[in-house]
$ cat final38.cif   # mmCIF, C-alpha atoms and all ligand atoms
data_run
loop_
_atom_site.label_atom_id
_atom_site.label_comp_id
_atom_site.auth_asym_id
_atom_site.auth_seq_id
_atom_site.Cartn_x
_atom_site.Cartn_y
_atom_site.Cartn_z
CA MET A 281 0.00 0.00 0.00
CA GLY A 282 1.32 3.42 -0.96
CA ARG A 283 0.52 6.67 0.83
CA PHE A 284 -1.11 8.03 -2.34
CA ASP A 285 -2.93 4.95 -3.63
CA GLY A 286 -6.09 6.06 -5.44
CA ARG A 287 -5.07 9.73 -5.38
CA VAL A 288 -4.96 11.94 -8.48
CA ALA A 289 -2.23 14.57 -8.59
CA ILE A 290 -1.64 17.45 -10.98
CA ILE A 291 1.91 18.78 -11.16
CA THR A 292 2.59 21.90 -13.22
CA GLY A 293 5.99 22.15 -14.88
CA GLY A 294 6.27 18.45 -14.16
CA SER A 295 8.34 17.35 -17.11
CA ARG A 296 11.73 18.15 -15.65
CA GLY A 297 13.65 19.39 -12.63
CA ILE A 298 11.82 19.66 -9.33
CA GLY A 299 8.38 19.03 -10.84
CA TYR A 300 9.54 15.77 -12.39
CA ALA A 301 10.94 14.60 -9.06
CA ILE A 302 7.65 15.48 -7.34
CA ALA A 303 5.69 13.56 -9.97
CA GLY A 304 7.99 10.54 -9.55
CA LYS A 305 7.68 10.58 -5.77
CA LEU A 306 3.87 10.82 -5.73
CA ALA A 307 3.60 8.17 -8.47
CA GLU A 308 6.02 5.83 -6.70
CA GLU A 309 3.73 5.98 -3.67
CA GLY A 310 0.59 5.24 -5.67
CA ALA A 311 -0.81 8.45 -7.21
CA LYS A 312 -2.09 8.80 -10.75
CA ILE A 313 -0.25 11.72 -12.25
CA ALA A 314 -1.26 14.55 -14.59
CA LEU A 315 1.60 16.66 -15.89
CA PHE A 316 0.95 20.15 -17.23
CA ASP A 317 3.75 21.76 -19.17
CA ILE A 318 4.07 24.44 -21.77
CA GLU A 319 6.29 22.55 -24.18
CA GLU A 320 5.05 19.34 -25.75
CA GLN A 321 8.34 17.66 -26.47
CA SER A 322 9.83 17.88 -22.98
CA LEU A 323 6.42 17.01 -21.54
CA GLU A 324 6.26 13.74 -23.46
CA VAL A 325 9.89 12.87 -22.66
CA GLY A 326 9.25 13.34 -18.94
CA ALA A 327 5.92 11.51 -19.04
CA ASN A 328 7.33 8.56 -20.96
CA GLU A 329 10.14 8.14 -18.47
CA LEU A 330 7.58 7.93 -15.69
CA ARG A 331 5.39 5.52 -17.70
CA GLU A 332 8.40 3.26 -18.21
CA SER A 333 8.46 2.83 -14.44
CA GLY A 334 4.86 1.58 -14.68
CA TYR A 335 3.17 4.73 -13.43
CA GLN A 336 -0.18 6.04 -14.70
CA VAL A 337 0.54 9.40 -16.29
CA MET A 338 -1.53 11.74 -18.43
CA THR A 339 -0.23 14.94 -20.01
CA ARG A 340 -1.69 18.24 -21.11
CA VAL A 341 0.24 20.87 -22.99
CA THR A 342 -0.82 23.86 -20.94
CA ASN A 343 0.42 27.37 -20.52
CA ILE A 344 -0.67 27.94 -16.94
CA VAL A 345 -0.95 31.68 -17.54
CA GLU A 346 -3.86 31.08 -19.95
CA VAL A 347 -7.03 30.57 -17.97
CA ASP A 348 -8.92 28.73 -20.73
CA GLN A 349 -6.11 26.23 -21.20
CA VAL A 350 -5.94 25.60 -17.46
CA GLU A 351 -9.70 25.17 -17.08
CA SER A 352 -9.86 22.63 -19.88
CA ALA A 353 -6.73 20.79 -18.71
CA VAL A 354 -8.05 20.39 -15.17
CA LYS A 355 -11.41 19.25 -16.53
CA ALA A 356 -9.62 16.68 -18.70
CA VAL A 357 -7.90 15.28 -15.61
CA ALA A 358 -11.22 14.98 -13.77
CA ASN A 359 -12.76 13.30 -16.82
CA GLN A 360 -9.92 10.83 -17.26
CA PHE A 361 -9.06 10.04 -13.65
CA GLY A 362 -12.44 10.84 -12.02
CA LYS A 363 -11.28 13.56 -9.59
CA VAL A 364 -8.47 15.88 -8.51
CA ASP A 365 -6.96 15.30 -5.04
CA ILE A 366 -3.59 17.02 -5.22
CA LEU A 367 -2.32 20.11 -7.02
CA VAL A 368 1.33 21.08 -6.97
CA ASN A 369 1.92 24.57 -8.39
CA ASN A 370 5.53 24.08 -9.39
CA ALA A 371 6.00 25.63 -12.86
CA GLY A 372 8.32 28.57 -12.69
CA ILE A 373 10.68 30.78 -14.64
CA ILE A 374 13.28 33.39 -13.89
CA ARG A 375 14.07 36.68 -15.63
CA ASP A 376 16.77 38.03 -13.31
CA ASN A 377 18.24 41.50 -13.45
CA TYR A 378 19.07 44.35 -11.13
CA LEU A 379 16.15 46.68 -10.60
CA PHE A 380 17.47 49.47 -12.79
CA LYS A 381 17.84 47.07 -15.72
CA MET A 382 14.67 45.05 -15.18
CA THR A 383 12.17 45.54 -17.99
CA ASP A 384 8.40 45.80 -17.63
CA GLU A 385 8.14 42.56 -19.59
CA ASP A 386 10.51 40.71 -17.25
CA TRP A 387 8.53 41.90 -14.25
CA GLN A 388 5.17 40.95 -15.74
CA PHE A 389 6.26 37.59 -17.14
CA VAL A 390 7.51 36.38 -13.76
CA MET A 391 4.37 37.64 -11.99
CA ASP A 392 2.16 35.96 -14.57
CA VAL A 393 3.75 32.51 -14.46
CA HIS A 394 4.07 32.26 -10.68
CA LEU A 395 1.04 34.17 -9.44
CA LYS A 396 -1.52 34.12 -12.25
CA GLY A 397 -0.51 30.57 -13.11
CA SER A 398 -0.94 29.31 -9.55
CA PHE A 399 -4.20 31.23 -9.20
CA ASN A 400 -5.59 29.77 -12.44
CA CYS A 401 -4.67 26.20 -11.48
CA SER A 402 -5.84 26.47 -7.87
CA ARG A 403 -9.20 28.01 -8.78
CA ALA A 404 -9.82 25.35 -11.42
CA ALA A 405 -8.75 22.45 -9.15
CA GLN A 406 -10.53 23.55 -5.95
CA LYS A 407 -13.90 23.02 -7.60
CA TYR A 408 -13.25 19.28 -7.80
CA MET A 409 -11.62 19.19 -4.36
CA VAL A 410 -14.54 20.98 -2.67
CA GLU A 411 -16.94 18.50 -4.33
CA ASN A 412 -15.04 15.61 -2.72
CA LYS A 413 -14.35 17.43 0.55
CA TYR A 414 -10.69 16.59 0.14
CA GLY A 415 -7.65 18.27 -1.34
CA ARG A 416 -3.98 19.06 -1.00
CA ILE A 417 -2.51 22.16 -2.66
CA VAL A 418 1.23 22.73 -2.49
CA ASN A 419 2.82 25.87 -3.90
CA ILE A 420 6.52 25.96 -4.68
CA SER A 421 7.95 29.20 -3.34
CA SER A 422 11.66 29.93 -2.80
CA THR A 423 14.15 31.24 -0.26
CA SER A 424 14.23 34.23 -2.62
CA ALA A 425 10.86 35.21 -1.10
CA LEU A 426 12.99 36.61 1.73
CA GLY A 427 14.91 38.83 -0.70
CA ASN A 428 17.64 38.19 -3.24
CA PRO A 429 19.59 40.79 -5.26
CA GLY A 430 18.80 40.62 -8.97
CA GLN A 431 15.43 38.98 -8.38
CA ALA A 432 12.99 41.82 -7.55
CA ASN A 433 10.35 40.20 -9.75
CA TYR A 434 10.96 36.60 -8.62
CA SER A 435 11.25 37.51 -4.91
CA ALA A 436 8.00 39.46 -5.05
CA ALA A 437 6.23 36.62 -6.85
CA LYS A 438 7.53 33.93 -4.49
CA ALA A 439 6.62 36.00 -1.42
CA GLY A 440 3.22 36.63 -2.98
CA LEU A 441 2.79 32.91 -3.41
CA GLN A 442 3.23 32.45 0.33
CA GLY A 443 0.44 34.97 1.05
CA PHE A 444 -1.71 33.26 -1.56
CA THR A 445 -1.07 29.91 0.15
CA LYS A 446 -2.16 31.19 3.55
CA THR A 447 -5.36 32.64 2.14
CA LEU A 448 -6.22 29.36 0.42
CA ALA A 449 -5.59 27.60 3.73
CA LEU A 450 -8.05 29.92 5.47
CA GLU A 451 -10.73 29.72 2.77
CA LEU A 452 -10.56 26.02 1.92
CA GLY A 453 -9.73 24.35 5.23
CA ARG A 454 -13.38 23.73 6.02
CA TYR A 455 -13.67 21.58 2.89
CA GLY A 456 -10.90 19.20 3.91
CA ILE A 457 -8.44 21.01 1.68
CA THR A 458 -5.03 22.11 2.93
CA ALA A 459 -2.70 24.58 1.22
CA ASN A 460 0.97 24.71 2.09
CA SER A 461 4.16 25.96 0.54
CA VAL A 462 7.62 24.50 0.07
CA ALA A 463 10.39 27.07 -0.34
CA PRO A 464 13.52 25.50 -1.83
CA GLY A 465 17.00 26.88 -1.44
CA PHE A 466 19.72 26.06 -3.96
CA ILE A 467 18.66 23.02 -5.97
CA GLU A 468 20.63 21.61 -8.87
CA THR A 469 18.33 21.88 -11.93
CA ASP A 470 18.23 23.43 -15.42
CA MET A 471 17.10 26.65 -13.71
CA THR A 472 20.26 26.97 -11.60
CA ARG A 473 22.39 25.90 -14.58
CA ALA A 474 20.79 28.67 -16.65
CA THR A 475 21.56 31.20 -13.90
CA ALA A 476 25.24 30.19 -13.86
CA GLU A 477 25.35 30.43 -17.65
CA ARG A 478 23.69 33.84 -17.66
CA ILE A 479 26.20 35.33 -15.24
CA GLY A 480 29.05 33.61 -17.10
CA VAL A 481 30.29 31.39 -14.25
CA PRO A 482 31.06 27.67 -14.81
CA PHE A 483 28.37 25.64 -13.08
CA GLU A 484 30.84 23.81 -10.80
CA GLU A 485 32.17 27.13 -9.56
CA PHE A 486 28.66 28.54 -9.16
CA MET A 487 27.67 25.48 -7.11
CA LYS A 488 30.77 25.70 -4.94
CA ALA A 489 29.99 29.34 -4.08
CA ALA A 490 26.36 28.51 -3.31
CA ILE A 491 27.28 25.48 -1.19
CA SER A 492 29.76 27.53 0.87
CA GLN A 493 26.72 29.42 2.22
CA ILE A 494 24.68 26.31 3.08
CA PRO A 495 25.00 25.04 6.67
CA VAL A 496 24.73 21.32 5.78
CA GLY A 497 27.56 21.75 3.26
CA PHE A 498 25.85 20.40 0.17
CA GLY A 499 23.38 21.55 -2.45
CA GLY A 500 19.83 20.28 -2.59
CA LYS A 501 18.47 17.83 -5.14
CA PRO A 502 14.96 17.80 -6.64
CA ALA A 503 14.28 14.71 -4.49
CA ASP A 504 14.72 16.83 -1.33
CA ILE A 505 11.87 19.07 -2.46
CA ALA A 506 9.72 16.11 -3.53
CA ASN A 507 10.10 14.66 -0.05
CA ALA A 508 8.74 17.84 1.59
CA VAL A 509 5.92 18.11 -0.95
CA ALA A 510 4.90 14.50 -0.27
CA PHE A 511 4.67 15.31 3.45
CA PHE A 512 2.15 18.07 2.78
CA CYS A 513 0.25 15.88 0.29
CA ASP A 514 -0.12 13.02 2.75
CA GLU A 515 -3.67 12.45 4.04
CA ALA A 516 -2.13 12.19 7.52
CA SER A 517 -0.96 15.84 7.24
CA GLY A 518 -4.52 17.19 7.35
CA PHE A 519 -3.83 19.33 10.43
CA VAL A 520 -0.84 21.02 8.74
CA ASN A 521 -2.33 23.98 6.89
CA GLY A 522 -1.07 27.34 5.66
CA GLN A 523 2.56 26.57 6.42
CA VAL A 524 5.79 27.33 4.60
CA ILE A 525 8.67 24.92 4.94
CA TYR A 526 12.11 26.09 3.84
CA VAL A 527 14.07 23.21 2.37
CA ALA A 528 17.43 24.86 2.10
CA GLY A 529 20.01 23.07 4.21
CA GLY A 530 19.70 25.54 7.05
CA PRO A 531 17.46 28.02 8.82
CA GLN A 532 16.24 31.10 6.98
CA ALA A 533 16.09 34.57 8.48
P1 LIG B 601 13.00 24.16 -14.37
O1 LIG B 601 13.31 25.35 -15.17
O2 LIG B 601 13.94 22.99 -14.42
O3 LIG B 601 11.52 23.65 -14.67
C1 LIG B 601 10.44 24.53 -14.70
C2 LIG B 601 9.28 23.87 -15.39
O4 LIG B 601 8.19 24.80 -15.46
C3 LIG B 601 9.61 23.48 -16.82
O5 LIG B 601 9.12 22.18 -17.05
C4 LIG B 601 8.86 24.52 -17.64
O6 LIG B 601 8.43 24.09 -18.91
C5 LIG B 601 7.66 24.77 -16.77
N1 LIG B 601 6.98 26.02 -17.11
C6 LIG B 601 7.52 27.26 -17.20
N2 LIG B 601 6.59 28.16 -17.55
C7 LIG B 601 5.43 27.48 -17.70
C8 LIG B 601 4.11 27.84 -18.07
N3 LIG B 601 3.77 29.12 -18.35
N4 LIG B 601 3.16 26.90 -18.13
C9 LIG B 601 3.46 25.60 -17.85
N5 LIG B 601 4.70 25.20 -17.50
C10 LIG B 601 5.67 26.12 -17.43
O7 LIG B 601 12.87 24.69 -12.86
P2 LIG B 601 13.09 24.00 -11.45
O8 LIG B 601 12.69 22.58 -11.50
O9 LIG B 601 14.41 24.39 -10.96
O10 LIG B 601 12.02 24.83 -10.59
C11 LIG B 601 10.74 24.34 -10.23
C12 LIG B 601 10.11 25.31 -9.25
O11 LIG B 601 10.96 25.45 -8.10
C13 LIG B 601 9.93 26.72 -9.81
O12 LIG B 601 8.74 27.29 -9.35
C14 LIG B 601 11.12 27.47 -9.25
O13 LIG B 601 10.89 28.85 -9.18
C15 LIG B 601 11.24 26.81 -7.88
N6 LIG B 601 12.55 26.93 -7.25
C16 LIG B 601 13.69 26.39 -7.81
C17 LIG B 601 14.92 26.50 -7.18
C18 LIG B 601 16.17 25.93 -7.75
O14 LIG B 601 17.26 26.14 -7.14
N7 LIG B 601 16.15 25.20 -8.86
C19 LIG B 601 15.05 27.23 -5.91
C20 LIG B 601 13.82 27.76 -5.42
C21 LIG B 601 12.63 27.61 -6.06
P3 LIG B 601 9.42 23.92 -20.18
O15 LIG B 601 10.13 22.65 -19.93
O16 LIG B 601 8.55 23.82 -21.32
O17 LIG B 601 10.30 25.13 -20.20
#
$ encode --input "final38.cif" --output "structure tokens" --more "lines below"
Ligand code: NDP
Amino acid sequence: MGRFDGRVAIITGGSRGIGYAIAGKLAEEGAKIALFDIEEQSLEVGANELRESGYQVMTRVTNIVEVDQVESAVKAVANQFGKVDILVNNAGIIRDNYLFKMTDEDWQFVMDVHLKGSFNCSRAAQKYMVENKYGRIVNISSTSALGNPGQANYSAAKAGLQGFTKTLALELGRYGITANSVAPGFIETDMTRATAERIGVPFEEFMKAAISQIPVGFGGKPADIANAVAFFCDEASGFVNGQVIYVAGGPQA
């Protein structure tokens, strides 16, 4: 028996990186998985890898910023799998720059993907969760929510996501739905590789500098985030609501 036997989980941005690890973890413990991703090719690659492990996986090419696409994707999950129990708002992007160089487009794009995207998916999914009087929503924030130079847009969005999470927890708790947030620190993924590339530092060097600031002395892996997400998604975590857990190798200010 797995912790998530019979559960249906949607993971946005689930084809690679942290989202892929979350999908794998929930599937390994019994959940049926729906992956939403903006790009068809990487979506199918990720989904096929999971299917090869024997997991039940459906995919929807979905830009989470587009409300119509989200509504129809969530409906498709409910039609195919019968319900929606778990939503992990994981899809994310970065458009880093110092404030004086940050463009309106970079600001808006980051707000849209993290905030509008999570709003669209949560509003669409809660309908099915309320119907069943059960749900688990987990929003992927970041240590950057506490401030990070070069990330005015991303920090604001990730902090906003924490406020959003707490409000969902207050509104939806009475329906058996919890909303919590996982805030990762430095995790080795395409996103951190792209950051190193953008600032022109070899990835190994970039990692070494990041790790020197982490109390446990090593960088996080997507599996570390998946582990925390699975805790919030567990039926046994029903009294844990509106919380943020920093998974960052040390305490955060
Ligand atoms: P990746 O860049 O590896 O993966 C992000 C995923 O989100 C991709 O699959 C991407 O799709 C998808 N995505 C982006 N925009 C959209 C959209 N509009 N609609 C649907 N899907 C979209 O990132 P990570 O795995 O590193 O990050 C996952 C989450 O964790 C993000 O929210 C990120 O902000 C957060 N995080 C990451 C940290 C890290 O150190 N890596 C630290 C703190 C937080 P596609 O493949 O098509 O591009």
$ residues_near_ligand --input "final38.cif" --ligand "ligand LIG 601 (chain B)" --cutoff "8 Å" --atoms "all atoms listed in the file" --output "ChimeraX atom specification"
/A:292-300,316-320,322-323,341-345,369-374,392-394,397,420-424,434,438,463-472,500,502
$ closest_residue --input "final38.cif" --among "A:Ala439, A:Ala432, A:Val524, A:Cys401" --to "Ala459 (chain A)" --atoms "only C-alpha atoms"
A:Val524
$ residues_around --input "final38.cif" --residues "Ala327 (chain A)" --least-positions-apart "3" --cutoff "10 Å" --atoms "all atoms listed in the file" --output "MDAnalysis selection string"
chainID A and resid 294:296 300 303:304 313:315 321:324 330:332 335:339
$ residues_around --input "final38.cif" --residues "Gly310 (chain A)" --least-positions-apart "3" --cutoff "9 Å" --atoms "all atoms listed in the file" --output "ChimeraX atom specification"
/A:281-287,305-307,335
$ residues_around --input "final38.cif" --residues "region 440-448 of chain A" --least-positions-apart "3" --cutoff "6 Å" --atoms "all atoms listed in the file" --output "MDAnalysis selection string"
chainID A and resid 436:437 451:452 459:460 522
$ closest_residue --input "final38.cif" --among "A:Ile417, A:Ala353, A:Met409, A:Val288" --to "Asn521 (chain A)" --atoms "all atoms listed in the file"
A:Ile417
$ residues_near_point --input "final38.cif" --point "(18.4, 30.0, 7.7)" --cutoff "12 Å" --atoms "all atoms listed in the file" --output "VMD selection string"
chain A and resid 423 to 424 426 463 to 465 493 to 496 525 to 533
$ closest_residue --input "final38.cif" --among "A:Phe486, A:Tyr414, A:Phe380, A:Phe399" --to "Gly518 (chain A)" --atoms "all atoms listed in the file"
A:Tyr414
$ closest_residue --input "final38.cif" --among "A:Phe361, A:Tyr408, A:Phe483, A:Phe519" --to "Ala449 (chain A)" --atoms "all atoms listed in the file"
A:Phe519
$ closest_residue --input "final38.cif" --among "A:Ala474, A:Lys312, A:Asn433, A:Pro482" --to "Thr383 (chain A)" --atoms "all atoms listed in the file"
A:Asn433
